[in-house]
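Just entry-v2.csv here, CSV, C-alpha atoms and all ligand atoms:
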```
chain,number,residue,atom,x,y,z
X,513,MET,CA,144.9,28.3,19.4
X,514,SER,CA,147.2,27.8,16.4
X,515,HIS,CA,150.8,28.9,16.8
X,516,GLU,CA,154.0,29.2,14.8
X,517,ARG,CA,156.8,27.2,16.5
X,518,VAL,CA,158.7,29.6,18.7
X,519,PRO,CA,162.4,29.7,18.0
X,520,VAL,CA,164.2,29.2,21.4
X,521,ALA,CA,167.8,29.1,22.6
X,522,VAL,CA,169.3,27.0,25.4
X,523,LEU,CA,172.3,28.6,27.2
X,524,GLY,CA,174.9,26.4,29.0
X,525,GLY,CA,174.2,23.5,26.7
X,526,SER,CA,176.4,20.9,28.2
X,527,GLY,CA,174.7,20.8,31.7
X,528,TYR,CA,172.1,18.5,33.3
X,529,THR,CA,169.3,21.0,33.3
X,530,ALA,CA,170.0,21.8,29.6
X,531,VAL,CA,169.8,18.2,28.5
X,532,GLU,CA,166.6,17.7,30.4
X,533,LEU,CA,165.2,20.8,28.9
X,534,LEU,CA,166.2,19.8,25.3
X,535,LYS,CA,164.4,16.5,25.8
X,536,ILE,CA,161.2,18.2,26.8
X,537,LEU,CA,161.5,20.9,24.1
X,538,LEU,CA,162.0,18.2,21.4
X,539,ARG,CA,158.5,16.8,22.1
X,540,HIS,CA,156.9,20.3,22.4
X,541,PRO,CA,154.7,21.1,19.4
X,542,GLY,CA,155.2,24.8,19.7
X,543,VAL,CA,159.0,25.0,19.9
X,544,ARG,CA,161.9,25.1,17.4
X,545,ILE,CA,165.3,24.7,19.0
X,546,ALA,CA,167.2,27.4,17.1
X,547,ALA,CA,170.4,27.5,19.1
X,548,VAL,CA,172.3,25.8,21.9
X,549,THR,CA,175.2,27.8,23.4
X,550,SER,CA,178.2,26.4,25.1
X,551,ARG,CA,181.8,27.2,25.7
X,552,GLN,CA,182.4,23.8,24.0
X,553,ALA,CA,182.3,23.8,20.2
X,554,GLU,CA,180.8,20.4,20.0
X,555,HIS,CA,177.8,18.8,18.4
X,556,VAL,CA,175.0,18.7,21.0
X,557,ALA,CA,174.7,14.9,20.6
X,558,ASP,CA,178.4,14.5,21.4
X,559,LEU,CA,177.8,16.4,24.7
X,560,HIS,CA,174.6,14.4,25.3
X,561,PRO,CA,174.7,11.0,23.6
X,562,SER,CA,171.0,10.5,24.7
X,563,LEU,CA,170.1,13.1,22.0
X,564,PHE,CA,171.9,11.2,19.3
X,565,GLY,CA,169.7,11.1,16.2
X,566,ARG,CA,167.2,13.5,17.8
X,567,LEU,CA,168.8,17.0,17.5
X,568,ASP,CA,171.2,17.8,14.7
X,569,LEU,CA,172.8,21.0,16.0
X,570,ARG,CA,176.3,22.2,16.9
X,571,CYS,CA,176.8,24.3,20.0
X,572,GLU,CA,177.8,27.9,19.4
X,573,PRO,CA,179.5,30.4,21.6
X,574,PHE,CA,177.1,32.8,23.5
X,575,ASP,CA,176.5,35.9,21.3
X,576,ALA,CA,173.3,37.9,21.9
X,577,ASP,CA,173.5,39.4,18.4
X,578,ALA,CA,173.8,36.0,16.7
X,579,LEU,CA,170.8,34.7,18.7
X,580,LYS,CA,168.7,37.7,17.7
X,581,ALA,CA,169.7,37.2,14.0
X,582,LYS,CA,168.4,33.7,14.3
X,583,GLY,CA,165.1,35.0,15.4
X,584,VAL,CA,165.3,33.6,18.9
X,585,GLN,CA,162.3,34.8,20.9
X,586,VAL,CA,163.1,33.3,24.2
X,587,ALA,CA,166.3,32.0,25.8
X,588,PHE,CA,166.4,29.4,28.6
X,589,GLY,CA,169.4,30.2,30.8
X,590,CYS,CA,170.9,26.9,32.2
X,591,LEU,CA,174.0,28.7,33.5
X,592,PRO,CA,175.4,28.9,37.0
X,593,HIS,CA,174.3,31.9,39.1
X,594,GLY,CA,176.7,34.8,38.7
X,595,THR,CA,177.3,33.9,35.1
X,596,SER,CA,173.6,34.1,34.3
X,597,MET,CA,173.3,37.8,35.2
X,598,GLU,CA,176.2,38.6,32.8
X,599,SER,CA,174.5,36.9,29.9
X,600,ILE,CA,170.9,38.0,30.4
X,601,PRO,CA,171.0,41.8,30.1
X,602,PRO,CA,172.2,41.8,26.4
X,603,LEU,CA,169.4,39.4,25.5
X,604,LEU,CA,166.7,41.5,27.2
X,605,ALA,CA,168.2,44.6,25.5
X,606,ARG,CA,167.6,42.9,22.2
X,607,GLY,CA,164.0,42.0,23.0
X,608,ILE,CA,164.7,38.3,23.7
X,609,LYS,CA,162.6,37.0,26.6
X,610,VAL,CA,164.5,35.0,29.2
X,611,ILE,CA,163.5,32.1,31.4
X,612,ASP,CA,166.5,31.9,33.8
X,613,LEU,CA,167.0,28.6,35.7
X,614,SER,CA,169.7,30.1,37.9
X,615,ALA,CA,169.0,31.9,41.2
X,616,ASP,CA,170.2,35.3,39.9
X,617,TYR,CA,166.8,37.0,39.6
X,618,ARG,CA,164.8,35.2,42.3
X,619,LEU,CA,165.6,37.3,45.4
X,620,LYS,CA,164.0,40.8,45.2
X,621,ASP,CA,166.6,42.6,47.3
X,622,PRO,CA,170.1,42.7,45.9
X,623,ALA,CA,171.5,43.1,49.4
X,624,VAL,CA,169.9,39.8,50.4
X,625,TYR,CA,171.5,38.2,47.3
X,626,GLN,CA,174.9,39.5,48.3
X,627,GLN,CA,174.4,38.2,51.9
X,628,TRP,CA,173.6,34.7,50.8
X,629,TYR,CA,175.4,34.3,47.5
X,630,LYS,CA,178.6,36.1,48.8
X,631,GLU,CA,178.9,38.2,45.7
X,632,PRO,CA,177.3,41.5,44.7
X,633,HIS,CA,174.3,41.5,42.3
X,634,HIS,CA,175.2,43.2,39.0
X,635,ASP,CA,171.9,43.7,37.4
X,636,ALA,CA,169.5,45.4,39.8
X,637,ALA,CA,167.7,47.0,36.9
X,638,ASN,CA,166.4,43.8,35.4
X,639,LEU,CA,165.9,42.2,38.9
X,640,ALA,CA,163.3,44.9,39.5
X,641,HIS,CA,161.0,43.5,36.8
X,642,ALA,CA,161.7,39.8,37.0
X,643,VAL,CA,158.7,37.6,37.8
X,644,TYR,CA,159.2,34.6,40.2
X,645,GLY,CA,158.2,31.7,38.0
X,646,LEU,CA,156.2,29.5,40.3
X,647,PRO,CA,153.1,29.0,38.2
X,648,GLU,CA,150.9,27.7,41.0
X,649,LEU,CA,151.4,31.0,42.9
X,650,TYR,CA,152.2,33.6,40.4
X,651,GLY,CA,150.8,32.2,37.2
X,652,ASP,CA,148.9,35.3,36.3
X,653,ARG,CA,152.1,37.4,36.2
X,654,ILE,CA,153.9,35.2,33.8
X,655,PRO,CA,152.2,35.9,30.4
X,656,GLY,CA,153.4,39.6,30.4
X,657,ALA,CA,156.9,38.9,31.7
X,658,THR,CA,160.1,39.5,29.8
X,659,LEU,CA,162.3,37.8,32.5
X,660,VAL,CA,161.1,34.8,34.4
X,661,ALA,CA,163.2,33.7,37.4
X,662,ASN,CA,162.6,30.0,37.5
X,663,PRO,CA,162.2,28.8,41.1
X,664,GLY,CA,164.9,26.8,43.0
X,665,CYS,CA,164.6,23.1,43.2
X,666,TYR,CA,164.5,22.7,47.0
X,667,PRO,CA,162.4,25.9,47.4
X,668,GLN,CA,159.6,24.5,45.3
X,669,THR,CA,159.1,21.5,47.6
X,670,ALA,CA,159.1,23.8,50.7
X,671,ILE,CA,157.0,26.5,49.2
X,672,LEU,CA,154.3,24.4,47.7
X,673,GLY,CA,154.4,22.1,50.7
X,674,LEU,CA,153.8,24.9,53.1
X,675,ALA,CA,151.8,27.5,51.2
X,676,PRO,CA,148.3,26.2,52.1
X,677,LEU,CA,149.2,26.2,55.8
X,678,VAL,CA,150.8,29.7,55.9
X,679,ALA,CA,148.2,31.2,53.6
X,680,HIS,CA,145.5,30.2,56.1
X,681,ARG,CA,147.7,30.9,59.2
X,682,LEU,CA,147.0,27.4,60.3
X,683,VAL,CA,150.6,27.1,61.6
X,684,GLU,CA,153.0,29.4,63.5
X,685,LEU,CA,155.0,31.4,60.9
X,686,THR,CA,158.4,31.1,62.6
X,687,GLY,CA,160.4,28.1,63.5
X,688,ILE,CA,159.1,26.0,60.6
X,689,ILE,CA,161.5,23.2,59.9
X,690,VAL,CA,162.3,22.2,56.3
X,691,ASP,CA,164.5,19.0,56.2
X,692,SER,CA,165.4,18.3,52.6
X,693,LYS,CA,167.3,15.6,50.7
X,694,SER,CA,168.5,15.8,47.2
X,695,GLY,CA,170.0,13.4,44.6
X,696,VAL,CA,173.5,14.2,43.3
X,697,SER,CA,172.3,15.6,39.9
X,698,GLY,CA,171.0,18.5,42.0
X,699,GLY,CA,174.6,19.7,42.1
X,700,GLY,CA,174.9,19.8,38.3
X,701,ARG,CA,177.3,18.1,35.9
X,702,THR,CA,180.2,20.4,36.6
X,703,PRO,CA,182.6,18.1,38.7
X,704,LYS,CA,183.0,18.9,42.4
X,705,LEU,CA,184.7,16.7,45.0
X,706,SER,CA,181.7,16.0,47.2
X,707,PHE,CA,179.9,14.6,44.1
X,708,HIS,CA,182.8,12.3,43.2
X,709,PHE,CA,181.5,8.7,43.4
X,710,PRO,CA,183.6,7.4,46.3
X,711,GLU,CA,182.8,10.6,48.3
X,712,CYS,CA,179.0,10.4,48.0
X,713,ASN,CA,178.2,6.8,47.3
X,714,GLU,CA,177.0,4.9,50.4
X,715,ASN,CA,177.1,8.2,52.3
X,716,PHE,CA,174.5,10.5,53.7
X,717,ALA,CA,175.2,13.9,55.1
X,718,ALA,CA,173.8,17.4,55.6
X,719,TYR,CA,175.6,20.4,54.2
X,720,ALA,CA,175.4,24.2,54.3
X,721,VAL,CA,173.7,23.9,57.7
X,722,GLY,CA,172.1,27.3,58.5
X,723,THR,CA,173.7,28.9,55.5
X,724,HIS,CA,172.1,27.5,52.4
X,725,ARG,CA,171.1,30.1,49.9
X,726,HIS,CA,167.7,28.7,49.4
X,727,THR,CA,166.7,29.8,52.9
X,728,PRO,CA,165.9,33.4,51.9
X,729,GLU,CA,164.1,32.2,48.7
X,730,ILE,CA,161.8,30.0,50.7
X,731,GLU,CA,161.2,32.8,53.2
X,732,GLN,CA,160.6,35.5,50.6
X,733,VAL,CA,157.9,33.6,48.9
X,734,LEU,CA,156.2,32.2,52.0
X,735,THR,CA,156.2,35.7,53.5
X,736,ASP,CA,154.5,36.9,50.4
X,737,VAL,CA,151.9,34.2,50.6
X,738,ALA,CA,151.3,34.7,54.4
X,739,GLY,CA,151.4,38.5,54.2
X,740,GLU,CA,153.6,38.3,57.3
X,741,ARG,CA,157.2,37.3,58.0
X,742,VAL,CA,157.8,33.6,57.7
X,743,GLU,CA,161.0,32.1,59.0
X,744,VAL,CA,162.3,28.6,58.3
X,745,VAL,CA,165.2,26.4,59.4
X,746,PHE,CA,166.3,24.8,56.2
X,747,THR,CA,168.7,21.9,56.2
X,748,PRO,CA,169.7,20.2,52.9
X,749,HIS,CA,171.2,16.7,52.7
X,750,LEU,CA,172.9,14.9,49.8
X,751,VAL,CA,171.5,11.4,49.1
X,752,PRO,CA,173.4,8.9,47.0
X,753,MET,CA,170.9,8.6,44.2
X,754,ASP,CA,170.8,10.2,40.8
X,755,ARG,CA,167.8,12.4,41.0
X,756,GLY,CA,164.9,13.5,43.2
X,757,ILE,CA,164.2,15.8,46.1
X,758,PHE,CA,162.3,14.8,49.2
X,759,SER,CA,161.4,17.4,51.8
X,760,THR,CA,159.9,16.8,55.3
X,761,MET,CA,158.5,19.9,56.9
X,762,TYR,CA,157.4,20.3,60.5
X,763,ALA,CA,155.2,23.1,61.7
X,764,THR,CA,153.2,23.9,64.9
X,765,PRO,CA,149.5,24.4,64.3
X,766,THR,CA,147.8,27.5,65.7
X,767,ARG,CA,144.7,25.4,66.5
X,768,ALA,CA,143.6,21.7,66.6
X,769,VAL,CA,143.5,20.3,63.0
X,770,THR,CA,142.7,16.9,61.6
X,771,ASP,CA,144.1,14.9,58.6
X,772,ALA,CA,140.8,15.2,56.9
X,773,GLU,CA,140.8,19.0,57.3
X,774,LEU,CA,144.3,19.3,55.9
X,775,LEU,CA,143.4,17.1,53.0
X,776,GLU,CA,140.5,19.3,52.2
X,777,LEU,CA,142.6,22.5,52.6
X,778,TYR,CA,145.3,21.2,50.2
X,779,ARG,CA,142.8,19.9,47.6
X,780,ASP,CA,141.1,23.3,47.6
X,781,TYR,CA,144.4,25.3,47.4
X,782,TYR,CA,145.7,23.3,44.4
X,783,ARG,CA,142.4,22.7,42.7
X,784,GLY,CA,142.9,23.1,38.9
X,785,GLN,CA,146.7,22.9,39.2
X,786,PRO,CA,147.8,20.1,36.9
X,787,PHE,CA,151.2,19.4,38.4
X,788,VAL,CA,150.6,19.4,42.2
X,789,ARG,CA,149.3,16.1,43.3
X,790,VAL,CA,147.7,16.2,46.8
X,791,ARG,CA,148.3,12.7,48.1
X,792,THR,CA,146.6,10.7,50.9
X,793,THR,CA,149.7,8.5,51.1
X,794,VAL,CA,153.3,9.3,51.7
X,795,PRO,CA,154.9,10.4,48.5
X,796,ALA,CA,158.3,9.2,47.2
X,797,THR,CA,160.9,10.5,44.7
X,798,LYS,CA,160.3,7.5,42.4
X,799,ASP,CA,156.6,8.5,42.1
X,800,CYS,CA,157.6,11.7,40.4
X,801,ALA,CA,160.9,10.7,38.7
X,802,PHE,CA,161.2,12.0,35.2
X,803,THR,CA,157.9,13.9,35.5
X,804,ASN,CA,156.8,17.5,36.3
X,805,TYR,CA,154.7,16.4,39.2
X,806,LEU,CA,155.2,17.6,42.7
X,807,ASP,CA,153.6,15.3,45.2
X,808,VAL,CA,152.5,16.5,48.6
X,809,CYS,CA,150.9,15.1,51.7
X,810,ALA,CA,150.1,16.8,55.0
X,811,LYS,CA,149.4,14.9,58.3
X,812,VAL,CA,148.9,15.6,62.0
X,813,VAL,CA,151.1,13.6,64.2
X,814,ARG,CA,151.3,12.8,68.0
X,815,GLY,CA,152.0,15.9,69.9
X,816,GLY,CA,150.0,18.0,67.5
X,817,LYS,CA,152.6,18.9,65.0
X,818,VAL,CA,151.8,19.1,61.3
X,819,VAL,CA,154.2,17.1,59.1
X,820,VAL,CA,154.2,17.9,55.4
X,821,LEU,CA,156.0,15.6,52.9
X,822,ALA,CA,156.8,16.7,49.4
X,823,ALA,CA,158.7,15.0,46.5
X,824,GLU,CA,159.7,16.0,43.1
X,825,ASP,CA,162.3,15.3,40.3
X,826,ASN,CA,164.9,18.0,40.8
X,827,LEU,CA,165.7,18.2,37.1
X,828,VAL,CA,162.2,18.2,35.7
X,829,ARG,CA,159.8,19.8,38.2
X,830,GLY,CA,162.8,21.4,40.0
X,831,ALA,CA,164.2,23.0,36.9
X,832,SER,CA,163.5,22.3,33.3
X,833,GLY,CA,159.9,21.1,33.5
X,834,VAL,CA,158.7,24.1,35.4
X,835,ALA,CA,160.7,26.2,32.9
X,836,VAL,CA,158.6,24.8,30.1
X,837,GLN,CA,155.4,25.3,32.3
X,838,ASN,CA,156.5,29.0,32.4
X,839,PHE,CA,157.2,29.0,28.6
X,840,ASN,CA,153.7,27.7,28.1
X,841,ARG,CA,152.2,30.5,30.1
X,842,LEU,CA,154.4,33.1,28.4
X,843,PHE,CA,153.4,32.0,24.9
X,844,GLY,CA,149.8,31.0,25.5
X,845,TYR,CA,150.1,27.2,25.3
X,846,ASP,CA,148.1,25.0,27.6
X,847,GLU,CA,150.2,24.7,30.8
X,848,THR,CA,150.8,21.0,30.3
X,849,THR,CA,152.0,21.1,26.7
X,850,GLY,CA,155.1,19.0,26.3
X,851,LEU,CA,155.0,17.9,29.9
X,852,LEU,CA,152.6,15.0,30.2
L,901,LIG,N1,170.7,20.6,38.8
L,901,LIG,C1,169.5,20.9,39.4
L,901,LIG,O1,168.8,20.0,39.9
L,901,LIG,C2,169.0,22.3,39.3
L,901,LIG,C3,169.8,23.3,38.8
L,901,LIG,N2,169.3,24.6,38.8
L,901,LIG,C4,170.1,25.7,38.4
L,901,LIG,O2,170.2,25.6,36.9
L,901,LIG,C5,171.5,26.1,36.5
L,901,LIG,C6,172.1,25.0,35.7
L,901,LIG,O3,172.3,23.9,36.5
L,901,LIG,P1,172.9,22.5,36.0
L,901,LIG,O4,172.4,22.3,34.6
L,901,LIG,O5,172.6,21.5,37.1
L,901,LIG,O6,174.4,22.8,36.0
L,901,LIG,P2,175.6,22.1,35.2
L,901,LIG,O7,176.8,22.3,36.0
L,901,LIG,O8,175.2,20.8,34.8
L,901,LIG,O9,175.6,23.0,33.9
L,901,LIG,C7,175.9,24.4,33.9
L,901,LIG,C8,176.4,24.7,32.5
L,901,LIG,O10,176.7,26.1,32.5
L,901,LIG,C9,177.9,26.3,31.8
L,901,LIG,N3,178.9,27.1,32.6
L,901,LIG,C10,179.5,26.6,33.7
L,901,LIG,N4,180.3,27.6,34.2
L,901,LIG,C11,180.3,28.6,33.3
L,901,LIG,C12,180.9,29.8,33.2
L,901,LIG,N5,181.8,30.2,34.2
L,901,LIG,N6,180.7,30.6,32.2
L,901,LIG,C13,179.8,30.2,31.2
L,901,LIG,N7,179.1,29.1,31.3
L,901,LIG,C14,179.4,28.2,32.3
L,901,LIG,C15,178.5,25.0,31.4
L,901,LIG,O11,178.1,24.8,30.1
L,901,LIG,P3,179.1,24.8,28.8
L,901,LIG,O12,180.3,24.1,29.3
L,901,LIG,O13,178.4,24.1,27.8
L,901,LIG,O14,179.4,26.2,28.5
L,901,LIG,C16,177.8,24.0,32.3
L,901,LIG,O15,177.5,22.8,31.6
L,901,LIG,C17,172.3,26.5,37.7
L,901,LIG,O16,172.1,27.9,38.0
L,901,LIG,C18,171.6,25.7,38.8
L,901,LIG,O17,171.7,26.3,40.1
L,901,LIG,C19,168.1,24.9,39.3
L,901,LIG,C20,167.2,23.9,39.7
L,901,LIG,C21,167.7,22.5,39.8
L,902,LIG,C1,172.7,18.6,45.8
L,902,LIG,C2,173.1,20.0,45.6
L,902,LIG,O1,174.2,20.4,45.6
L,902,LIG,N1,172.1,20.8,45.3
L,902,LIG,C3,172.4,22.2,45.0
L,902,LIG,C4,171.1,22.8,44.5
L,902,LIG,C5,171.5,23.9,43.6
L,902,LIG,C6,170.5,24.3,42.7
L,902,LIG,O2,170.0,23.7,41.9
L,902,LIG,O3,170.2,25.6,43.0
L,902,LIG,P1,169.2,26.5,42.4
L,902,LIG,O4,167.9,25.8,42.4
L,902,LIG,O5,169.3,27.7,43.3
L,902,LIG,O6,169.6,26.9,41.1
L,902,LIG,C7,172.9,23.0,46.1
L,902,LIG,O7,172.6,22.7,47.3
L,902,LIG,O8,173.7,24.0,45.9
```

Show me this structure written as C-alpha cells.
Amino acid sequence: MSHERVPVAVLGGSGYTAVELLKILLRHPGVRIAAVTSRQAEHVADLHPSLFGRLDLRCEPFDADALKAKGVQVAFGCLPHGTSMESIPPLLARGIKVIDLSADYRLKDPAVYQQWYKEPHHDAANLAHAVYGLPELYGDRIPGATLVANPGCYPQTAILGLAPLVAHRLVELTGIIVDSKSGVSGGGRTPKLSFHFPECNENFAAYAVGTHRHTPEIEQVLTDVAGERVEVVFTPHLVPMDRGIFSTMYATPTRAVTDAELLELYRDYYRGQPFVRVRTTVPATKDCAFTNYLDVCAKVVRGGKVVVLAAEDNLVRGASGVAVQNFNRLFGYDETTGLL
C-alpha cells in the first residue's frame, strides 16, 4: 500500500515517552512530525540533545486550532493523566485522532477512575468511545477508532502474561498475584523525591501497596478476556535501573498442567503476534531493552502453582512503541513499521 506521510503532533514534548516516541517516529516511513507541543518554548533538540541534528523543530504551546491548521491528523498525548483529558476533547472536536499514552481513557467506568485516581473524570463523553489500545487483544477495534487509550506499562506485562491462562480458565480467577518491578524512567522525567538519585540508587522497595491505579486496569481487561470477574493482588516495586519492567505472576491452576502444555497454549494464543515472544527460558529486561518486544514464559512449579514471567521496556513496549503499533493499525501500515 502506498501512503502519504501522515502529519502527527506529539504533546508534552519534554518528557521521556515523548523523546522515545520521537525517535521511533523519525525512522517511520509513513510519518511527518508536524508539531511538538510543550510549555517550554525550546528547540526540541535543546530539550532532548539525543535528537540534535535529527529533528529541526521548535516546541510550540498546545493550541488545537494551530495543530489543525498544520494539517495534523493524529496527536500522540504524552501528558500526565488529568492534564490529558483537558487537552484531548478540543482535538477530537476538530477531527484530529488521538493516541493517548496517559491513563485517562483506559478505565471504562468514570466512577472507578475517580476511586483509583482520586479525581473526577471530566470527559465521560469521549471515554465512552475510546478503544483500549492493546493490539494483541483488541487489534480489530483500532482501525476505526478516533481515540486510542494506550495501555499502561505494568498492565501490559500482567495482561499479556495472564491472558492465555484466564481465557482458557486454566487458573482460578481470583487471588492472582502480580509482583512487578520497574526501572526509574517509569516514573517520568518530571522530578519527584523518590526518583532522586540518593533516594533510589542501591535501594529496592515496594510502593502503592494495595492502592496502585493499575490494579483496576489489569482487572478490567482480564475480566473482559475471561468473561468473568478476575481479581489480582498487584504490588509494584521500584528498581534502581534506568528502564525495564519485570513482572512475576502466581496463579493456582484449576487442573493439573505441564510446562509443555503451557508452552503450547501460549504459542497458540500469540501465534501471528510479532511483538509477543513466548520463551522457553526465563526472560530478562535486558532481552527487551529499547525494543517493542514483550517476552513471556509460563512454568509449573512445585506445589502446582503456575508462575508466569514477563519482561518489557517500559518506554518502548510499555508506552511509545505500542503507541506506534496502534498508529500503524489506525493508518493501515504493517504493524511492525518503524518498530523493528
Ligand atoms: N514513563 C513510562 O514508562 C510510561 C509513562 N506512561 C504515561 O505517559 C504519560 C507521559 O509520561 P512520561 O513521558 O513518562 O512523563 P514525563 O514526566 O517524562 O513527561 C510528561 C510531560 O507532560 C508535560 N506536563 C507535565 N505536567 C503538565 C501539566 N500540568 N500541564 C501540561 N503539560 C504537563 C511536560 O511537558 P512540557 O514541560 O514539555 O510541557 C512533561 O515533560 C503519562 O501519562 C504516563 O503515566 C505510560 C506508560 C509508561
Ligand atoms: C516507577 C513508577 O513510578 N511507575 C509509575 C508508572 C506510571 C505510568 O507510566 O503509568 P501509566 O502507564 O498508567 O501511564 C507509577 O507507578 O506511577

Neighbourhood of ligand LIG 902 (chain L) at 7 Å, counting all atoms listed in the file, reported as a count of residues only: 16

In terms of all atoms listed in the file, the residue from X:Cys571, X:Val586, X:Ala718, X:Leu672 at minimal distance from ligand LIG 901 (chain L) is X:Cys571

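Picture a line from CA of Leu523 (chain X) to CA of Val733 (chain X); it runs 26.5 Å.
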
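Around His641 (chain X), within 9 Å and counting all atoms listed in the file, the residues found are Ala657, Thr658 and Leu659 of chain X, once anything fewer than 6 positions away on its own chain is removed.
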
Neighbourhood of ligand LIG 901 (chain L) at 7 Å, counting only C-alpha atoms and all ligand atoms, reported as a CSV table (one decimal) with C-alpha atoms, keeping the file's coordinate frame:
```
chain,number,residue,atom,x,y,z
X,524,GLY,CA,174.9,26.4,29.0
X,525,GLY,CA,174.2,23.5,26.7
X,526,SER,CA,176.4,20.9,28.2
X,527,GLY,CA,174.7,20.8,31.7
X,528,TYR,CA,172.1,18.5,33.3
X,529,THR,CA,169.3,21.0,33.3
X,530,ALA,CA,170.0,21.8,29.6
X,549,THR,CA,175.2,27.8,23.4
X,550,SER,CA,178.2,26.4,25.1
X,551,ARG,CA,181.8,27.2,25.7
X,552,GLN,CA,182.4,23.8,24.0
X,590,CYS,CA,170.9,26.9,32.2
X,591,LEU,CA,174.0,28.7,33.5
X,592,PRO,CA,175.4,28.9,37.0
X,593,HIS,CA,174.3,31.9,39.1
X,595,THR,CA,177.3,33.9,35.1
X,613,LEU,CA,167.0,28.6,35.7
X,614,SER,CA,169.7,30.1,37.9
X,615,ALA,CA,169.0,31.9,41.2
X,664,GLY,CA,164.9,26.8,43.0
X,665,CYS,CA,164.6,23.1,43.2
X,697,SER,CA,172.3,15.6,39.9
X,698,GLY,CA,171.0,18.5,42.0
X,699,GLY,CA,174.6,19.7,42.1
X,700,GLY,CA,174.9,19.8,38.3
X,701,ARG,CA,177.3,18.1,35.9
X,702,THR,CA,180.2,20.4,36.6
X,826,ASN,CA,164.9,18.0,40.8
X,827,LEU,CA,165.7,18.2,37.1
X,830,GLY,CA,162.8,21.4,40.0
X,831,ALA,CA,164.2,23.0,36.9
```

What is the CA of His540 (chain X)-CA of Asn840 (chain X) distance in Å, reported with one decimal? 9.9 Å

Give as a PDB file with C-alpha atoms, in the coordinates of the input each residue that has an atom at most 6 Å from (168.4, 30.4, 20.2) in the file, counting all atoms listed in the file.
```
ATOM      1  CA  VAL X 520     164.200  29.200  21.400  1.00  0.00           C
ATOM      2  CA  ALA X 521     167.800  29.100  22.600  1.00  0.00           C
ATOM      3  CA  ALA X 546     167.200  27.400  17.100  1.00  0.00           C
ATOM      4  CA  ALA X 547     170.400  27.500  19.100  1.00  0.00           C
ATOM      5  CA  LEU X 579     170.800  34.700  18.700  1.00  0.00           C
ATOM      6  CA  VAL X 584     165.300  33.600  18.900  1.00  0.00           C
TER       7      VAL X 584
END
```

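Considering the residues X:Val610, X:Ile600, X:Leu806, X:Leu682 and counting only C-alpha atoms, Gln785 (chain X) has its shortest atom-to-atom contact with X:Leu806.
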
When you draw a straight line from CA of Val819 (chain X) to CA of Thr760 (chain X), how long is it in Å? 6.9 Å

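Distance annotation: of X:Pro602, X:Gly687, X:Pro765, X:Pro710, the residue with the minimal separation from Glu731 (chain X) is X:Gly687; atom set is only C-alpha atoms.
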
So that I can check the surroundings of Ser692 (chain X), please list as a ChimeraX atom specification every protein, DNA and RNA residue that reaches within 10 Å of it, counting all atoms listed in the file and ignoring chain neighbours fewer than 5 positions away. /X:666-667,669-670,718,746-751,757-761,821-823

Could you save those same residues with C-alpha atoms as a short mmCIF file (atom, residue, chain, number, x, y, z; two decimals), in the coordinates of the input?
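Wrote selection-v2.cif, looks like this:
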```cif
data_model
loop_
_atom_site.label_atom_id
_atom_site.label_comp_id
_atom_site.auth_asym_id
_atom_site.auth_seq_id
_atom_site.Cartn_x
_atom_site.Cartn_y
_atom_site.Cartn_z
CA TYR X 666 164.50 22.70 47.00
CA PRO X 667 162.40 25.90 47.40
CA THR X 669 159.10 21.50 47.60
CA ALA X 670 159.10 23.80 50.70
CA ALA X 718 173.80 17.40 55.60
CA PHE X 746 166.30 24.80 56.20
CA THR X 747 168.70 21.90 56.20
CA PRO X 748 169.70 20.20 52.90
CA HIS X 749 171.20 16.70 52.70
CA LEU X 750 172.90 14.90 49.80
CA VAL X 751 171.50 11.40 49.10
CA ILE X 757 164.20 15.80 46.10
CA PHE X 758 162.30 14.80 49.20
CA SER X 759 161.40 17.40 51.80
CA THR X 760 159.90 16.80 55.30
CA MET X 761 158.50 19.90 56.90
CA LEU X 821 156.00 15.60 52.90
CA ALA X 822 156.80 16.70 49.40
CA ALA X 823 158.70 15.00 46.50
#
```

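If all atoms listed in the file are the atoms counted, then among X:Leu604, X:Ala679, X:Val690, X:Leu775 the closest residue to Glu740 (chain X) is X:Ala679.
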
Name the residues, using the chain letters and numbers of the file, that sit within 10 Å of (158.1, 27.8, 20.2) when counting only C-alpha atoms, and give them as a PDB file with C-alpha atoms, in the frame of the given file.
```pdb
ATOM      1  CA  HIS X 515     150.800  28.900  16.800  1.00  0.00           C
ATOM      2  CA  GLU X 516     154.000  29.200  14.800  1.00  0.00           C
ATOM      3  CA  ARG X 517     156.800  27.200  16.500  1.00  0.00           C
ATOM      4  CA  VAL X 518     158.700  29.600  18.700  1.00  0.00           C
ATOM      5  CA  PRO X 519     162.400  29.700  18.000  1.00  0.00           C
ATOM      6  CA  VAL X 520     164.200  29.200  21.400  1.00  0.00           C
ATOM      7  CA  LEU X 537     161.500  20.900  24.100  1.00  0.00           C
ATOM      8  CA  HIS X 540     156.900  20.300  22.400  1.00  0.00           C
ATOM      9  CA  PRO X 541     154.700  21.100  19.400  1.00  0.00           C
ATOM     10  CA  GLY X 542     155.200  24.800  19.700  1.00  0.00           C
ATOM     11  CA  VAL X 543     159.000  25.000  19.900  1.00  0.00           C
ATOM     12  CA  ARG X 544     161.900  25.100  17.400  1.00  0.00           C
ATOM     13  CA  ILE X 545     165.300  24.700  19.000  1.00  0.00           C
ATOM     14  CA  ALA X 546     167.200  27.400  17.100  1.00  0.00           C
ATOM     15  CA  VAL X 584     165.300  33.600  18.900  1.00  0.00           C
ATOM     16  CA  GLN X 585     162.300  34.800  20.900  1.00  0.00           C
ATOM     17  CA  VAL X 586     163.100  33.300  24.200  1.00  0.00           C
ATOM     18  CA  PHE X 839     157.200  29.000  28.600  1.00  0.00           C
ATOM     19  CA  ASN X 840     153.700  27.700  28.100  1.00  0.00           C
ATOM     20  CA  PHE X 843     153.400  32.000  24.900  1.00  0.00           C
ATOM     21  CA  TYR X 845     150.100  27.200  25.300  1.00  0.00           C
TER      22      TYR X 845
END
```

Among listed residues X:Arg779, X:Tyr617, X:Ser562, X:Val660, nearest Ala587 (chain X) (using all atoms listed in the file): X:Val660

When you look at Ala810 (chain X) with a cut-off of 9 Å (counting all atoms listed in the file), what residues show up, excluding the ones that are within fewer than 5 positions of it in the same chain? I need them as a PyMOL selection string. chain X and resi 673+771+774-775+778+790-792+794+818-822

With distances taken over all atoms listed in the file, which residue among X:Arg814, X:Lys630, X:Arg681, X:Arg829 lies nearest Thr723 (chain X)? X:Lys630
